[in-house]
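These notes are about the structure you will find just below.
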Amino acid sequence: MQNISSAAYADSKPHYELLDGLRGVAALLVLFYHIFEGLSFAAGGTPITVINHGYLAVDFFFILSGFVISYAYDDRWGKTMTTGNFFKRRLIRLHPMIIMGVILGTITFFLQGGVQWDGTKVATSAVMLAMLCAMFFIPAVPGVSYEVRGNGEMFPLNGPSWSLFFEYIGNILYALFIHRLSTKALTVLVGLLGIALAWFTTFNVSGYDMIGVGWTLDTVNFFGGALRMLFPFSMGMLLARHFKSMNVRGAFWICSVILLLLFCVPYIVTGNSPISLNGLFEAICILFIFPVLLWIGASGKTTDNFSSRVCKFLGDISYPLYAVHYPIMYLFYAWLIDHKLYTIAEAWPMALAVYLGNILLAYLCLKLYDEPVRKWLTKKFLNKK
């Protein structure tokens, strides 16, 4: 456990420092994945290489979120926590960086020339509408005027916001419904959701032969995105109710290495089988391996000040990094297309600059914007003394 930042609530519980660190590791791996996604996009949609399953970081985020929310709030309902107060806390925690991501996305869209990926010019009014809707977290339906990039994203100015949209849904369900469930009922819910997720991935319901769904508002993506959130989110809550620490030496490094290895497993070609082997691998990761990694990470402890500082730094920047990195990626993708660069060997200097620049941008957003704004909002709306 560790102390937390000055922007935290007065009654915040100590954090699981290794879980904070692992959330940061997952965010760094997402950034790494999006570098290679850009190379694939520039080359016309070739398979993503090296960190093939980096999108599974989202599912790992969801299980961490469920565990931490259950740990932080389960024992407060009916005592010091009301539904309204819970929603205020979550909005203060999440929404400032969502707005920052939208602002950066708008700026980078205009820097790209204000055009869709096919070169079609987009009216400034449509971009402003997209910005306004995204600030209030109103997703775009494919084909509407403010779906400005033309590839169907819920939030075309900052694509990864789709997962935060589902995070909000999870928080609402937790406050209104899930926290009221007995542990036995929650176990049944987790089991049913696990069966549904295994069916969705293993039988390739999406048609993608992967679980990278949820980013657009067609039927299968919304259903798949909801499953991607609901199972790990609920599983994290169930683990929090049952959690008992065990002694695990080197837990942070063990979990970090396993995450890296899992994300780097090549796509598994299915062939003519009705079973998606790639989907089966992803189901095993989400249903079994991620819960084990969470338990190990929650059990571990740092043994020196340096490790504690590393975990705190990674935890602090994890959410800002996830929330603001993709607008810069849009610029990177456009640069790759303009220069006809399709391999990391050709583009590594710019890729490295984008990677390190995003980490610096996240840290600056955290210190100069996110923490001060959250601290002010807490005093303003939660009467923090």
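Residues in the structure tokens are named by chain (A, B, ... in the order shown) and by number from 1 within that chain; ligands are numbered from 1 in the order shown.
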
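Excluding Val205 of chain A itself and any same-chain residue fewer than 3 positions from it, the protein and nucleic acid residues within 10 Å of it, counting only C-alpha atoms, are Trp199, Phe200, Thr201, Thr202, Tyr208, Asp209, Met210, Ile211, Val220, Gly224, Ser276 and Gly279 of chain A.
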
Please provide the set of residues having any atom within 9 Å of segment 115-120 of chain A, restricted to only C-alpha atoms, with same-chain residues fewer than 2 positions apart removed, written as a PyMOL selection string. chain A and resi 109-110+112-113+122-123+148-151+334

Go ahead and dump the residues you just picked, all heavy atoms, as a CSV table (one decimal), in the first residue's frame.
```
chain,number,residue,atom,x,y,z
A,109,PHE,N,-6.5,17.4,-35.3
A,109,PHE,CA,-7.3,17.2,-36.5
A,109,PHE,C,-7.1,18.4,-37.5
A,109,PHE,O,-6.9,18.1,-38.7
A,109,PHE,CB,-8.8,17.0,-36.2
A,109,PHE,CG,-9.6,16.7,-37.3
A,109,PHE,CD1,-9.7,15.4,-37.8
A,109,PHE,CD2,-10.4,17.7,-38.0
A,109,PHE,CE1,-10.5,15.1,-38.9
A,109,PHE,CE2,-11.2,17.4,-39.1
A,109,PHE,CZ,-11.2,16.1,-39.5
A,110,PHE,N,-7.1,19.6,-37.0
A,110,PHE,CA,-6.8,20.7,-37.8
A,110,PHE,C,-5.4,20.8,-38.3
A,110,PHE,O,-5.1,21.2,-39.5
A,110,PHE,CB,-7.2,22.0,-37.1
A,110,PHE,CG,-8.7,22.3,-37.0
A,110,PHE,CD1,-9.3,22.4,-35.8
A,110,PHE,CD2,-9.5,22.3,-38.2
A,110,PHE,CE1,-10.7,22.7,-35.7
A,110,PHE,CE2,-10.8,22.5,-38.1
A,110,PHE,CZ,-11.4,22.7,-36.9
A,112,GLN,N,-3.7,18.2,-39.1
A,112,GLN,CA,-3.7,17.3,-40.2
A,112,GLN,C,-4.3,17.9,-41.5
A,112,GLN,O,-4.2,17.2,-42.6
A,112,GLN,CB,-4.4,16.0,-39.9
A,112,GLN,CG,-3.7,15.1,-38.9
A,112,GLN,CD,-4.5,13.9,-38.6
A,112,GLN,OE1,-5.0,13.8,-37.5
A,112,GLN,NE2,-4.8,13.0,-39.5
A,113,GLY,N,-4.9,19.0,-41.4
A,113,GLY,CA,-5.6,19.6,-42.6
A,113,GLY,C,-7.1,19.6,-42.5
A,113,GLY,O,-7.7,20.1,-43.5
A,122,VAL,N,-13.5,18.3,-44.2
A,122,VAL,CA,-14.6,18.3,-43.2
A,122,VAL,C,-14.9,19.8,-42.8
A,122,VAL,O,-14.0,20.6,-42.6
A,122,VAL,CB,-14.1,17.5,-42.0
A,122,VAL,CG1,-15.2,17.6,-40.9
A,122,VAL,CG2,-13.8,16.1,-42.4
A,123,ALA,N,-16.2,20.1,-42.8
A,123,ALA,CA,-16.6,21.4,-42.4
A,123,ALA,C,-16.2,21.7,-40.9
A,123,ALA,O,-16.3,20.8,-40.1
A,123,ALA,CB,-18.1,21.6,-42.5
A,148,VAL,N,-16.0,12.6,-37.9
A,148,VAL,CA,-15.3,13.4,-38.9
A,148,VAL,C,-14.1,12.7,-39.6
A,148,VAL,O,-13.6,13.1,-40.6
A,148,VAL,CB,-14.7,14.7,-38.2
A,148,VAL,CG1,-15.9,15.6,-37.8
A,148,VAL,CG2,-13.9,14.3,-37.0
A,149,ARG,N,-13.7,11.6,-39.0
A,149,ARG,CA,-12.6,10.9,-39.7
A,149,ARG,C,-13.0,9.9,-40.7
A,149,ARG,O,-12.2,9.4,-41.5
A,149,ARG,CB,-11.7,10.2,-38.7
A,149,ARG,CG,-10.9,11.1,-37.8
A,149,ARG,CD,-9.9,10.5,-36.9
A,149,ARG,NE,-9.3,11.5,-36.1
A,149,ARG,CZ,-8.3,12.3,-36.4
A,149,ARG,NH1,-7.8,12.2,-37.6
A,149,ARG,NH2,-7.9,13.2,-35.5
A,150,GLY,N,-14.3,9.5,-40.7
A,150,GLY,CA,-14.9,8.7,-41.7
A,150,GLY,C,-14.6,7.2,-41.6
A,150,GLY,O,-14.7,6.4,-42.5
A,151,ASN,N,-14.1,6.7,-40.4
A,151,ASN,CA,-13.9,5.3,-40.2
A,151,ASN,C,-14.7,4.7,-39.1
A,151,ASN,O,-14.4,3.6,-38.6
A,151,ASN,CB,-12.4,5.0,-40.0
A,151,ASN,CG,-11.8,5.8,-38.8
A,151,ASN,OD1,-12.5,6.6,-38.3
A,151,ASN,ND2,-10.6,5.4,-38.5
A,334,ALA,N,-0.6,10.0,-40.0
A,334,ALA,CA,-0.6,10.8,-41.2
A,334,ALA,C,0.8,11.1,-41.7
A,334,ALA,O,1.0,11.0,-43.0
A,334,ALA,CB,-1.3,12.2,-40.9
```

Find the residues around Leu64 of chain A up to 9 Å (only C-alpha atoms counted), leave out those fewer than 3 positions away in its own chain, and share them as an NGL selection string. :A and (19-20 or 23 or 59-61 or 67-69 or 232-233 or 236-237 or 294)

Would you put the residues from that selection into a file with all heavy atoms, as a CSV table (one decimal), in the first residue's frame?
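To be explicit, this is the file written out as part.csv:
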```
chain,number,residue,atom,x,y,z
A,19,LEU,N,-0.4,-2.6,-8.2
A,19,LEU,CA,-1.5,-2.5,-9.2
A,19,LEU,C,-1.4,-1.2,-10.0
A,19,LEU,O,-1.6,-1.1,-11.2
A,19,LEU,CB,-2.8,-2.6,-8.6
A,19,LEU,CG,-3.1,-4.0,-8.0
A,19,LEU,CD1,-4.6,-4.1,-7.5
A,19,LEU,CD2,-2.9,-5.1,-9.0
A,20,ASP,N,-1.0,-0.1,-9.3
A,20,ASP,CA,-0.8,1.2,-9.9
A,20,ASP,C,0.3,1.1,-11.0
A,20,ASP,O,0.2,1.5,-12.1
A,20,ASP,CB,-0.4,2.3,-8.9
A,20,ASP,CG,-1.6,2.7,-8.1
A,20,ASP,OD1,-2.7,2.4,-8.5
A,20,ASP,OD2,-1.4,3.4,-7.1
A,23,ARG,N,-0.8,-0.9,-14.0
A,23,ARG,CA,-1.7,-0.1,-14.9
A,23,ARG,C,-0.8,0.8,-15.7
A,23,ARG,O,-1.1,1.0,-16.9
A,23,ARG,CB,-2.6,0.7,-14.0
A,23,ARG,CG,-3.7,1.4,-14.9
A,23,ARG,CD,-4.8,2.1,-14.0
A,23,ARG,NE,-4.2,3.2,-13.2
A,23,ARG,CZ,-4.1,3.1,-11.9
A,23,ARG,NH1,-4.5,2.1,-11.2
A,23,ARG,NH2,-3.6,4.2,-11.2
A,59,ASP,N,-8.7,-4.8,-21.6
A,59,ASP,CA,-9.4,-5.8,-20.8
A,59,ASP,C,-8.7,-5.9,-19.4
A,59,ASP,O,-9.4,-6.1,-18.4
A,59,ASP,CB,-9.4,-7.1,-21.5
A,59,ASP,CG,-10.0,-7.0,-22.9
A,59,ASP,OD1,-11.2,-7.1,-23.1
A,59,ASP,OD2,-9.2,-6.8,-23.8
A,60,PHE,N,-7.4,-5.7,-19.4
A,60,PHE,CA,-6.7,-5.7,-18.1
A,60,PHE,C,-7.0,-4.4,-17.3
A,60,PHE,O,-7.2,-4.5,-16.1
A,60,PHE,CB,-5.2,-5.8,-18.4
A,60,PHE,CG,-4.3,-6.0,-17.2
A,60,PHE,CD1,-4.4,-7.1,-16.5
A,60,PHE,CD2,-3.4,-5.0,-16.8
A,60,PHE,CE1,-3.6,-7.3,-15.3
A,60,PHE,CE2,-2.6,-5.2,-15.7
A,60,PHE,CZ,-2.7,-6.3,-14.9
A,61,PHE,N,-7.1,-3.3,-18.0
A,61,PHE,CA,-7.6,-2.1,-17.3
A,61,PHE,C,-8.9,-2.3,-16.6
A,61,PHE,O,-9.1,-1.8,-15.5
A,61,PHE,CB,-7.7,-0.9,-18.3
A,61,PHE,CG,-6.4,-0.3,-18.8
A,61,PHE,CD1,-6.4,0.1,-20.2
A,61,PHE,CD2,-5.3,-0.2,-18.0
A,61,PHE,CE1,-5.2,0.6,-20.6
A,61,PHE,CE2,-4.1,0.3,-18.5
A,61,PHE,CZ,-4.1,0.7,-19.8
A,67,PHE,N,-11.6,-4.1,-9.5
A,67,PHE,CA,-11.0,-4.5,-8.2
A,67,PHE,C,-10.9,-3.2,-7.4
A,67,PHE,O,-11.2,-3.2,-6.2
A,67,PHE,CB,-9.7,-5.1,-8.5
A,67,PHE,CG,-9.0,-5.6,-7.2
A,67,PHE,CD1,-9.1,-6.9,-6.7
A,67,PHE,CD2,-8.1,-4.7,-6.5
A,67,PHE,CE1,-8.5,-7.3,-5.6
A,67,PHE,CE2,-7.4,-5.1,-5.4
A,67,PHE,CZ,-7.6,-6.4,-4.9
A,68,VAL,N,-10.3,-2.2,-7.9
A,68,VAL,CA,-10.0,-1.0,-7.2
A,68,VAL,C,-11.3,-0.3,-6.7
A,68,VAL,O,-11.4,0.2,-5.6
A,68,VAL,CB,-9.1,0.0,-8.0
A,68,VAL,CG1,-9.0,1.4,-7.3
A,68,VAL,CG2,-7.7,-0.6,-8.2
A,69,ILE,N,-12.3,-0.2,-7.6
A,69,ILE,CA,-13.6,0.4,-7.2
A,69,ILE,C,-14.2,-0.4,-6.1
A,69,ILE,O,-14.8,0.2,-5.1
A,69,ILE,CB,-14.5,0.6,-8.4
A,69,ILE,CG1,-14.0,1.7,-9.3
A,69,ILE,CG2,-15.9,0.9,-8.0
A,69,ILE,CD1,-14.7,1.9,-10.6
A,232,PRO,N,-14.6,-8.5,-17.1
A,232,PRO,CA,-13.4,-8.2,-16.3
A,232,PRO,C,-13.8,-7.2,-15.1
A,232,PRO,O,-13.2,-7.4,-14.0
A,232,PRO,CB,-12.4,-7.6,-17.2
A,232,PRO,CG,-13.2,-7.2,-18.4
A,232,PRO,CD,-14.3,-8.1,-18.5
A,233,PHE,N,-14.7,-6.3,-15.4
A,233,PHE,CA,-15.0,-5.3,-14.4
A,233,PHE,C,-15.7,-6.0,-13.2
A,233,PHE,O,-15.3,-5.8,-12.0
A,233,PHE,CB,-16.0,-4.3,-15.0
A,233,PHE,CG,-16.2,-3.1,-14.2
A,233,PHE,CD1,-15.3,-2.1,-14.1
A,233,PHE,CD2,-17.5,-2.9,-13.5
A,233,PHE,CE1,-15.5,-0.9,-13.4
A,233,PHE,CE2,-17.7,-1.7,-12.8
A,233,PHE,CZ,-16.7,-0.7,-12.7
A,236,GLY,N,-13.2,-8.3,-11.4
A,236,GLY,CA,-12.3,-7.5,-10.5
A,236,GLY,C,-13.0,-7.3,-9.2
A,236,GLY,O,-12.4,-7.4,-8.1
A,237,MET,N,-14.3,-7.0,-9.2
A,237,MET,CA,-15.1,-6.8,-8.0
A,237,MET,C,-15.2,-8.0,-7.1
A,237,MET,O,-15.0,-8.0,-5.9
A,237,MET,CB,-16.5,-6.3,-8.3
A,237,MET,CG,-16.5,-4.9,-8.9
A,237,MET,SD,-18.1,-4.3,-9.4
A,237,MET,CE,-17.7,-2.8,-10.2
A,294,LEU,N,-3.8,-10.1,-11.5
A,294,LEU,CA,-4.3,-9.1,-10.6
A,294,LEU,C,-4.0,-9.6,-9.1
A,294,LEU,O,-3.6,-8.8,-8.3
A,294,LEU,CB,-5.8,-8.9,-10.8
A,294,LEU,CG,-6.4,-7.8,-10.0
A,294,LEU,CD1,-7.5,-7.1,-10.8
A,294,LEU,CD2,-7.0,-8.3,-8.7
```

Quick one: which segment 223-293 of chain A residues come within 7 Å of segment 166-183 of chain A, and what is the nearest atom pair for each with the distance in Å to one decimal, counting only C-alpha atoms, rows ordered by chain and ascending number, as a tab-separated table?
```
residue	atom	partner	partner_atom	distance
A:Ala226	CA	A:Phe166	CA	6.6
A:Met229	CA	A:Phe166	CA	6.4
A:Leu230	CA	A:Gly170	CA	6.8
```

Save out the residues we just selected, N, CA, C and O atoms, as a short mmCIF file (atom, residue, chain, number, x, y, z; two decimals), in the first residue's frame.
```cif
data_model
loop_
_atom_site.label_atom_id
_atom_site.label_comp_id
_atom_site.auth_asym_id
_atom_site.auth_seq_id
_atom_site.Cartn_x
_atom_site.Cartn_y
_atom_site.Cartn_z
N ALA A 226 -19.46 -4.10 -24.61
CA ALA A 226 -20.11 -4.25 -23.31
C ALA A 226 -19.61 -5.51 -22.61
O ALA A 226 -19.33 -5.50 -21.40
N MET A 229 -16.14 -5.06 -21.20
CA MET A 229 -16.11 -4.32 -19.94
C MET A 229 -16.74 -5.12 -18.81
O MET A 229 -16.16 -5.24 -17.72
N LEU A 230 -17.91 -5.71 -19.04
CA LEU A 230 -18.71 -6.28 -17.95
C LEU A 230 -18.04 -7.47 -17.28
O LEU A 230 -18.05 -7.58 -16.05
#
```

Between A:Ser161, A:His325, A:Phe87, A:Ile98, which is the closest to Met135 of chain A once you count only C-alpha atoms?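 Counting only C-alpha atoms, the residue closest to Met135 of chain A is A:Ile98.
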
As a PyMOL selection string, please: the residues near Leu259 of chain A (cut-off 10 Å, only C-alpha atoms, same-chain neighbours under 6 positions excluded). chain A and resi 22+25-26+29+53-54+56-57+60+253+285+289-290+293

Helix (DSSP H, G or I) call set, DSSP backbone run, segment 114-317 of chain A, as a PyMOL selection string: chain A and resi 124-135+161-176+178-180+183-202+219-242+251-263+277-299+305-317

Interatomic distance between atom CA of Lys184 of chain A and atom CA of Lys244 of chain A? 17.7 Å

Tyr342 of chain A environment, 10 Å, only C-alpha atoms, sequence neighbours closer than 5 positions dropped, as JSON, numbers by chain: {"A": [36, 38, 39, 40, 41, 42, 43, 44, 46, 336, 337, 347]}

Kindly save the residues from that selection, with N, CA, C and O atoms included, as a compact mmCIF listing (two decimals), in the first residue's frame.
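Below you can see out_29.txt, which holds the result:
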```txt
# COMPACT_ATOMS: atom_id res chain seq x y z
N PHE A 36 2.83 0.43 -33.69
CA PHE A 36 2.81 -0.59 -34.74
C PHE A 36 1.47 -0.61 -35.48
O PHE A 36 1.41 -0.98 -36.65
N GLY A 38 -0.02 2.08 -36.30
CA GLY A 38 0.18 3.13 -37.28
C GLY A 38 0.91 2.63 -38.51
O GLY A 38 0.56 2.97 -39.65
N LEU A 39 1.94 1.79 -38.29
CA LEU A 39 2.67 1.23 -39.43
C LEU A 39 1.75 0.34 -40.26
O LEU A 39 1.80 0.36 -41.50
N SER A 40 0.90 -0.43 -39.59
CA SER A 40 -0.05 -1.28 -40.29
C SER A 40 -1.06 -0.43 -41.07
O SER A 40 -1.38 -0.72 -42.24
N PHE A 41 -1.55 0.63 -40.45
CA PHE A 41 -2.54 1.50 -41.08
C PHE A 41 -1.95 2.18 -42.32
O PHE A 41 -2.58 2.25 -43.38
N ALA A 42 -0.71 2.66 -42.18
CA ALA A 42 -0.06 3.34 -43.30
C ALA A 42 0.16 2.40 -44.47
O ALA A 42 0.12 2.82 -45.64
N ALA A 43 0.39 1.12 -44.17
CA ALA A 43 0.65 0.14 -45.22
C ALA A 43 -0.63 -0.42 -45.84
O ALA A 43 -0.58 -1.33 -46.66
N GLY A 44 -1.77 0.12 -45.41
CA GLY A 44 -3.03 -0.31 -46.02
C GLY A 44 -3.75 -1.41 -45.27
O GLY A 44 -4.58 -2.12 -45.85
N THR A 46 -2.15 -3.94 -43.19
CA THR A 46 -1.41 -5.19 -43.00
C THR A 46 -1.49 -5.61 -41.54
O THR A 46 -1.76 -4.78 -40.66
N LEU A 336 3.36 8.98 -41.39
CA LEU A 336 3.78 7.72 -42.01
C LEU A 336 3.21 7.58 -43.42
O LEU A 336 3.91 7.15 -44.35
N ILE A 337 1.93 7.94 -43.57
CA ILE A 337 1.29 7.84 -44.89
C ILE A 337 1.93 8.80 -45.88
O ILE A 337 2.25 8.43 -47.01
N ALA A 347 11.05 3.95 -39.65
CA ALA A 347 10.41 5.05 -38.92
C ALA A 347 10.82 5.15 -37.46
O ALA A 347 10.25 5.96 -36.72
```

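For the pair atom CA of Ile344 of chain A and atom CA of Tyr319 of chain A, the separation is 26.2 Å.
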
Identify all residues of segment 27-207 of chain A in strand (DSSP E or B) (DSSP on the backbone) and supply them as a VMD selection string. chain A and resid 77 81 115 121 153

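Picture a line from atom CA of Tyr55 of chain A to atom CA of Pro266 of chain A; it runs 13.0 Å.
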
Could you name the residues that touch Val248 of chain A at 10 Å or less, counting only C-alpha atoms, but leaving out those on the same chain fewer than 5 positions away, as a CSV table (one decimal) with N, CA, C and O atoms, in the first residue's frame?
```
chain,number,residue,atom,x,y,z
A,254,ILE,N,7.3,-10.0,-12.4
A,254,ILE,CA,6.7,-11.2,-12.9
A,254,ILE,C,5.5,-10.9,-13.7
A,254,ILE,O,5.3,-11.3,-14.9
A,295,TRP,N,-4.3,-10.8,-8.8
A,295,TRP,CA,-4.1,-11.3,-7.5
A,295,TRP,C,-2.7,-11.3,-7.0
A,295,TRP,O,-2.3,-10.8,-5.9
A,296,ILE,N,-1.8,-11.7,-8.0
A,296,ILE,CA,-0.3,-11.6,-7.7
A,296,ILE,C,0.1,-10.2,-7.4
A,296,ILE,O,0.8,-9.8,-6.5
A,297,GLY,N,-0.4,-9.3,-8.3
A,297,GLY,CA,0.0,-7.9,-8.2
A,297,GLY,C,-0.5,-7.2,-6.9
A,297,GLY,O,0.2,-6.4,-6.3
A,298,ALA,N,-1.7,-7.6,-6.5
A,298,ALA,CA,-2.3,-7.0,-5.3
A,298,ALA,C,-1.6,-7.6,-4.1
A,298,ALA,O,-1.5,-6.9,-3.0
A,299,SER,N,-1.0,-8.8,-4.2
A,299,SER,CA,-0.3,-9.4,-3.1
A,299,SER,C,1.2,-8.9,-2.9
A,299,SER,O,1.7,-9.0,-1.8
A,300,GLY,N,1.7,-8.4,-4.0
A,300,GLY,CA,3.1,-8.0,-4.0
A,300,GLY,C,3.4,-6.7,-3.3
A,300,GLY,O,2.5,-5.8,-3.1
A,301,LYS,N,4.6,-6.4,-2.8
A,301,LYS,CA,5.0,-5.2,-2.2
A,301,LYS,C,6.4,-4.8,-2.7
A,301,LYS,O,7.2,-5.6,-3.0
```

Wanna dump the segment 111-224 of chain A-segment 326-333 of chain A contacts at 10 Å for me, each residue with its shortest atom pair and the distance in Å to one decimal, counting only C-alpha atoms, ordered by chain and number, as a Markdown table?
```
| residue | atom | partner | partner_atom | distance |
| --- | --- | --- | --- | --- |
| A:Leu111 | CA | A:Leu331 | CA | 7.9 |
| A:Gln112 | CA | A:Leu331 | CA | 6.6 |
| A:Pro156 | CA | A:Pro327 | CA | 9.7 |
| A:Leu157 | CA | A:Pro327 | CA | 7.0 |
| A:Asn158 | CA | A:Pro327 | CA | 5.9 |
| A:Gly159 | CA | A:Tyr326 | CA | 6.9 |
| A:Pro160 | CA | A:Tyr326 | CA | 7.1 |
| A:Ser161 | CA | A:Tyr326 | CA | 9.4 |
```

Write out the residues from the selection above, keeping all heavy atoms, as an mmCIF file, in the first residue's frame.
```
data_model
loop_
_atom_site.group_PDB
_atom_site.id
_atom_site.type_symbol
_atom_site.label_atom_id
_atom_site.label_comp_id
_atom_site.auth_asym_id
_atom_site.auth_seq_id
_atom_site.Cartn_x
_atom_site.Cartn_y
_atom_site.Cartn_z
ATOM 1 N N LEU A 111 -4.445 20.302 -37.484
ATOM 2 C CA LEU A 111 -3.056 20.249 -37.938
ATOM 3 C C LEU A 111 -2.884 19.275 -39.100
ATOM 4 O O LEU A 111 -2.006 19.449 -39.950
ATOM 5 C CB LEU A 111 -2.138 19.834 -36.779
ATOM 6 C CG LEU A 111 -1.906 20.887 -35.692
ATOM 7 C CD1 LEU A 111 -1.072 20.299 -34.552
ATOM 8 C CD2 LEU A 111 -1.219 22.125 -36.262
ATOM 9 N N GLN A 112 -3.722 18.244 -39.136
ATOM 10 C CA GLN A 112 -3.681 17.297 -40.246
ATOM 11 C C GLN A 112 -4.313 17.857 -41.515
ATOM 12 O O GLN A 112 -4.249 17.218 -42.568
ATOM 13 C CB GLN A 112 -4.445 16.015 -39.877
ATOM 14 C CG GLN A 112 -3.701 15.097 -38.936
ATOM 15 C CD GLN A 112 -4.549 13.898 -38.566
ATOM 16 O OE1 GLN A 112 -5.028 13.804 -37.453
ATOM 17 N NE2 GLN A 112 -4.757 12.992 -39.507
ATOM 18 N N PRO A 156 -14.288 10.282 -32.782
ATOM 19 C CA PRO A 156 -13.297 10.406 -33.848
ATOM 20 C C PRO A 156 -12.164 11.374 -33.558
ATOM 21 O O PRO A 156 -11.153 11.358 -34.261
ATOM 22 C CB PRO A 156 -14.130 10.875 -35.047
ATOM 23 C CG PRO A 156 -15.340 11.514 -34.452
ATOM 24 C CD PRO A 156 -15.622 10.744 -33.206
ATOM 25 N N LEU A 157 -12.306 12.219 -32.552
ATOM 26 C CA LEU A 157 -11.207 13.119 -32.197
ATOM 27 C C LEU A 157 -10.238 12.481 -31.203
ATOM 28 O O LEU A 157 -9.133 12.985 -31.005
ATOM 29 C CB LEU A 157 -11.771 14.429 -31.621
ATOM 30 C CG LEU A 157 -12.599 15.259 -32.596
ATOM 31 C CD1 LEU A 157 -13.198 16.480 -31.894
ATOM 32 C CD2 LEU A 157 -11.770 15.699 -33.802
ATOM 33 N N ASN A 158 -10.651 11.386 -30.586
ATOM 34 C CA ASN A 158 -9.781 10.675 -29.639
ATOM 35 C C ASN A 158 -10.306 9.254 -29.490
ATOM 36 O O ASN A 158 -11.029 8.937 -28.548
ATOM 37 C CB ASN A 158 -9.750 11.394 -28.291
ATOM 38 C CG ASN A 158 -8.664 10.855 -27.376
ATOM 39 O OD1 ASN A 158 -7.772 10.123 -27.802
ATOM 40 N ND2 ASN A 158 -8.737 11.205 -26.104
ATOM 41 N N GLY A 159 -9.929 8.407 -30.432
ATOM 42 C CA GLY A 159 -10.505 7.079 -30.558
ATOM 43 C C GLY A 159 -10.597 6.240 -29.299
ATOM 44 O O GLY A 159 -11.645 5.629 -29.025
ATOM 45 N N PRO A 160 -9.532 6.135 -28.465
ATOM 46 C CA PRO A 160 -9.590 5.262 -27.294
ATOM 47 C C PRO A 160 -10.623 5.658 -26.242
ATOM 48 O O PRO A 160 -10.841 4.898 -25.291
ATOM 49 C CB PRO A 160 -8.161 5.373 -26.725
ATOM 50 C CG PRO A 160 -7.306 5.715 -27.898
ATOM 51 C CD PRO A 160 -8.158 6.632 -28.721
ATOM 52 N N SER A 161 -11.258 6.811 -26.401
ATOM 53 C CA SER A 161 -12.302 7.190 -25.448
ATOM 54 C C SER A 161 -13.464 6.205 -25.430
ATOM 55 O O SER A 161 -14.270 6.211 -24.496
ATOM 56 C CB SER A 161 -12.838 8.596 -25.759
ATOM 57 O OG SER A 161 -11.875 9.584 -25.446
#
```

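Minimum distance to Phe136 of chain A across A:Ile35, A:Ile99, A:Ile107, A:Ile268 (counting only C-alpha atoms) occurs at A:Ile99.
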
Rank A:Ile359, A:Leu91, A:Ala323, A:Ala196 by their smallest atom-to-atom distance to Ser163 of chain A, using only C-alpha atoms, and report the top residue only.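 The shortest atom-to-atom distance to Ser163 of chain A comes from A:Ala323.
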
Near Tyr363 of chain A, within 10 Å and counting only C-alpha atoms, which residues show up once chain neighbours fewer than 2 positions away are dropped, as a CSV table (one decimal) with N, CA and C atoms, in the first residue's frame?
```csv
chain,number,residue,atom,x,y,z
A,313,PHE,N,5.0,6.6,-10.1
A,313,PHE,CA,5.1,7.4,-11.3
A,313,PHE,C,4.3,6.7,-12.4
A,314,LEU,N,4.4,5.4,-12.6
A,314,LEU,CA,3.7,4.7,-13.6
A,314,LEU,C,2.2,4.8,-13.4
A,316,ASP,N,0.6,7.1,-11.7
A,316,ASP,CA,0.1,8.5,-11.9
A,316,ASP,C,-0.1,8.9,-13.3
A,317,ILE,N,0.8,8.4,-14.2
A,317,ILE,CA,0.8,8.8,-15.6
A,317,ILE,C,-0.1,7.9,-16.4
A,318,SER,N,-0.5,6.8,-15.9
A,318,SER,CA,-1.2,5.8,-16.7
A,318,SER,C,-2.5,6.3,-17.3
A,320,PRO,N,-3.6,9.6,-17.6
A,320,PRO,CA,-3.3,10.7,-18.6
A,320,PRO,C,-2.7,10.2,-19.9
A,321,LEU,N,-1.8,9.2,-19.8
A,321,LEU,CA,-1.1,8.7,-21.0
A,321,LEU,C,-2.2,8.1,-21.9
A,357,GLY,N,7.7,11.5,-26.3
A,357,GLY,CA,6.9,12.7,-26.3
A,357,GLY,C,5.6,12.5,-25.6
A,358,ASN,N,4.9,11.4,-25.9
A,358,ASN,CA,3.6,11.1,-25.3
A,358,ASN,C,3.8,11.0,-23.7
A,359,ILE,N,4.8,10.3,-23.3
A,359,ILE,CA,5.0,10.2,-21.9
A,359,ILE,C,5.2,11.5,-21.2
A,360,LEU,N,6.0,12.4,-21.9
A,360,LEU,CA,6.2,13.7,-21.3
A,360,LEU,C,4.9,14.5,-21.3
A,361,LEU,N,4.2,14.4,-22.4
A,361,LEU,CA,2.9,15.1,-22.5
A,361,LEU,C,1.9,14.7,-21.4
A,365,CYS,N,0.4,17.0,-18.5
A,365,CYS,CA,-1.0,17.1,-18.3
A,365,CYS,C,-1.4,16.8,-16.9
A,366,LEU,N,-0.8,15.8,-16.3
A,366,LEU,CA,-1.0,15.4,-14.9
A,366,LEU,C,-0.7,16.5,-14.0
A,367,LYS,N,0.4,17.1,-14.1
A,367,LYS,CA,0.9,18.0,-13.1
A,367,LYS,C,0.3,19.4,-13.3
A,368,LEU,N,0.2,19.9,-14.5
A,368,LEU,CA,-0.2,21.2,-14.8
A,368,LEU,C,-1.7,21.4,-15.0
A,369,TYR,N,-2.4,20.3,-15.2
A,369,TYR,CA,-3.8,20.3,-15.5
A,369,TYR,C,-4.7,19.4,-14.6
A,370,ASP,N,-4.4,18.1,-14.7
A,370,ASP,CA,-5.3,17.1,-14.1
A,370,ASP,C,-5.4,17.2,-12.6
```

Among listed residues A:Arg90, A:His242, A:Lys340, A:Lys312, nearest Thr378 of chain A (using only C-alpha atoms):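 Ranked by minimum distance to Thr378 of chain A, first place goes to A:Arg90.
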
Have a look at A:Leu239, A:Ala140, A:Leu377, A:Leu261 and name the one nearest to Val292 of chain A; count only C-alpha atoms.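 Ranking A:Leu239, A:Ala140, A:Leu377, A:Leu261 by distance to Val292 of chain A, first place goes to A:Leu239.
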